[in-house]
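The structure under discussion appears below in the form of structure tokens.
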Amino acid sequence: MEEGEKGNSNVKLHIGLGLYRTGKDIKDGNAVSEWLRYNDILLRQVKAARETGEVSGFGIFAYQNFREAPAILELNNLQTAFTNQ
């Protein structure tokens with residue numbers, strides 16, 4: 001199948017969201033990492049994925065990061081994507 005060509009597949013696409021990146025100095029080409037400057041990155045990723053019409057669901061990696069302060073802010077923002085539909 002060529003890139004961009006749609007098939008008749010029953011395979012569903014689920015996106016992994018990197019919660020472990022929140023509050024970290026992840027090299028992203030900016031002087032200050034976006035992960036240090038913003039707390040709505042996962043929310044923006046979900047919105048962008050939904051706009052494709054191809055994504056069936058999301059998973060969050062990794063569980064041990066759920067209680068870290070930067071992750072809590074990110075999760076609070078992310079929650080709005082699933083409660084304000």
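Every chain in the structure tokens takes a letter, A first, then B, and so on in the order presented; its residues are numbered from 1, and the ligands are numbered from 1 following the presented order.
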
Fill in: Near-Asp25 in chain A list (10 Å; only C-alpha atoms; drop same-chain fewer than 4 positions) as a PyMOL selection string
chain A and resi 21+32-37

Saved selection, atoms kept: C-alpha atoms, as a compact mmCIF listing (two decimals), in the first residue's frame:
# COMPACT_ATOMS: atom_id res chain seq x y z
CA ARG A 21 8.44 13.81 29.37
CA VAL A 32 14.27 25.96 26.58
CA SER A 33 12.45 22.68 26.06
CA GLU A 34 8.75 22.92 25.31
CA TRP A 35 8.23 20.30 28.03
CA LEU A 36 9.58 22.82 30.58
CA ARG A 37 7.57 25.76 29.23

Discussion item. Please list as a list in words every residue within 12 Å of His14 in chain A, counting only C-alpha atoms and excluding residues in the same chain fewer than 2 positions away.
Written reply: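 Everything that qualifies: Val11, Lys12, Gly16, Leu17, Val46, Ala49, Arg50, Gly53, Glu54, Val55, Ser56, Gly57, Phe58, Gly59 and Ile60 of chain A.
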
Discussion item. To test your reading of the structure, identify every residue in range 7-71 of chain A that backbone DSSP assigns to strand (DSSP E), and report it as a PyMOL selection string.
Written reply: chain A and resi 13-18+55-61

Item to complete: Could you give me, as a ChimeraX atom specification, the residues within 12 Å of Ala69 in chain A, counting only C-alpha atoms and dropping anything in the same chain fewer than 6 positions from it?
Response: /A:19-20,22-24,39,75-76

Go ahead and save the residues from that selection, with N, CA and C atoms, as a PDB file, in the first residue's frame.
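Saved file part24.pdb follows:
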ATOM      1  N   LEU A  19       3.794  10.873  28.970  1.00  0.00           N
ATOM      2  CA  LEU A  19       3.676  11.625  30.217  1.00  0.00           C
ATOM      3  C   LEU A  19       5.021  11.751  30.920  1.00  0.00           C
ATOM      4  N   TYR A  20       5.892  10.783  30.722  1.00  0.00           N
ATOM      5  CA  TYR A  20       7.210  10.779  31.356  1.00  0.00           C
ATOM      6  C   TYR A  20       8.052  11.989  30.933  1.00  0.00           C
ATOM      7  N   THR A  22       6.987  15.172  30.794  1.00  0.00           N
ATOM      8  CA  THR A  22       6.563  16.426  31.424  1.00  0.00           C
ATOM      9  C   THR A  22       7.583  16.907  32.450  1.00  0.00           C
ATOM     10  N   GLY A  23       7.877  18.189  32.367  1.00  0.00           N
ATOM     11  CA  GLY A  23       8.818  18.793  33.305  1.00  0.00           C
ATOM     12  C   GLY A  23      10.268  18.417  33.080  1.00  0.00           C
ATOM     13  N   LYS A  24      10.566  17.784  31.946  1.00  0.00           N
ATOM     14  CA  LYS A  24      11.936  17.343  31.658  1.00  0.00           C
ATOM     15  C   LYS A  24      12.544  18.206  30.559  1.00  0.00           C
ATOM     16  N   ASN A  39       2.290  23.130  29.818  1.00  0.00           N
ATOM     17  CA  ASN A  39       1.680  21.972  30.488  1.00  0.00           C
ATOM     18  C   ASN A  39       0.412  21.529  29.757  1.00  0.00           C
ATOM     19  N   LEU A  75      -1.887  16.396  33.146  1.00  0.00           N
ATOM     20  CA  LEU A  75      -3.059  15.519  33.175  1.00  0.00           C
ATOM     21  C   LEU A  75      -4.350  16.299  33.388  1.00  0.00           C
ATOM     22  N   ASN A  76      -4.302  17.339  34.204  1.00  0.00           N
ATOM     23  CA  ASN A  76      -5.489  18.174  34.413  1.00  0.00           C
ATOM     24  C   ASN A  76      -5.919  18.824  33.103  1.00  0.00           C
TER      25      ASN A  76
END

Worksheet item: In Å to one decimal, how far is CA of Gln64 in chain A from CA of Leu42 in chain A?
Response: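 Those two atoms sit 16.7 Å apart.
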
Worksheet item: Using only C-alpha atoms, which residue out of A:Leu73, A:Ala62, A:Leu13, A:Ala31 lies closest to Leu43 in chain A?
Response: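 Smallest separation from Leu43 in chain A among the options: A:Leu73.
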
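You can rank A:Arg67, A:Phe61, A:Arg44, A:Ile72 by their closest distance to Gly18 in chain A using only C-alpha atoms, and at the top of that list sits A:Phe61.
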
Item to complete: From the DSSP assignment of the backbone, select every residue of chain A that is alpha helix (DSSP H), and format the answer as a PyMOL selection string.
Response: chain A and resi 34-37+41-52+69-83

Worksheet item: What is the CA of Asn30 in chain A to CA of Lys47 in chain A distance in Å?
Response: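 Straight-line distance from CA of Asn30 in chain A to CA of Lys47 in chain A works out to 22.3 Å.
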
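For the choices A:Ala71, A:Ser9, A:Lys27, A:Phe82, the atom-to-atom distance to Asp40 in chain A is smallest for A:Ala71 when using only C-alpha atoms.
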
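Going from CA of Glu74 in chain A over to CA of Ile41 in chain A, you cover 7.3 Å.
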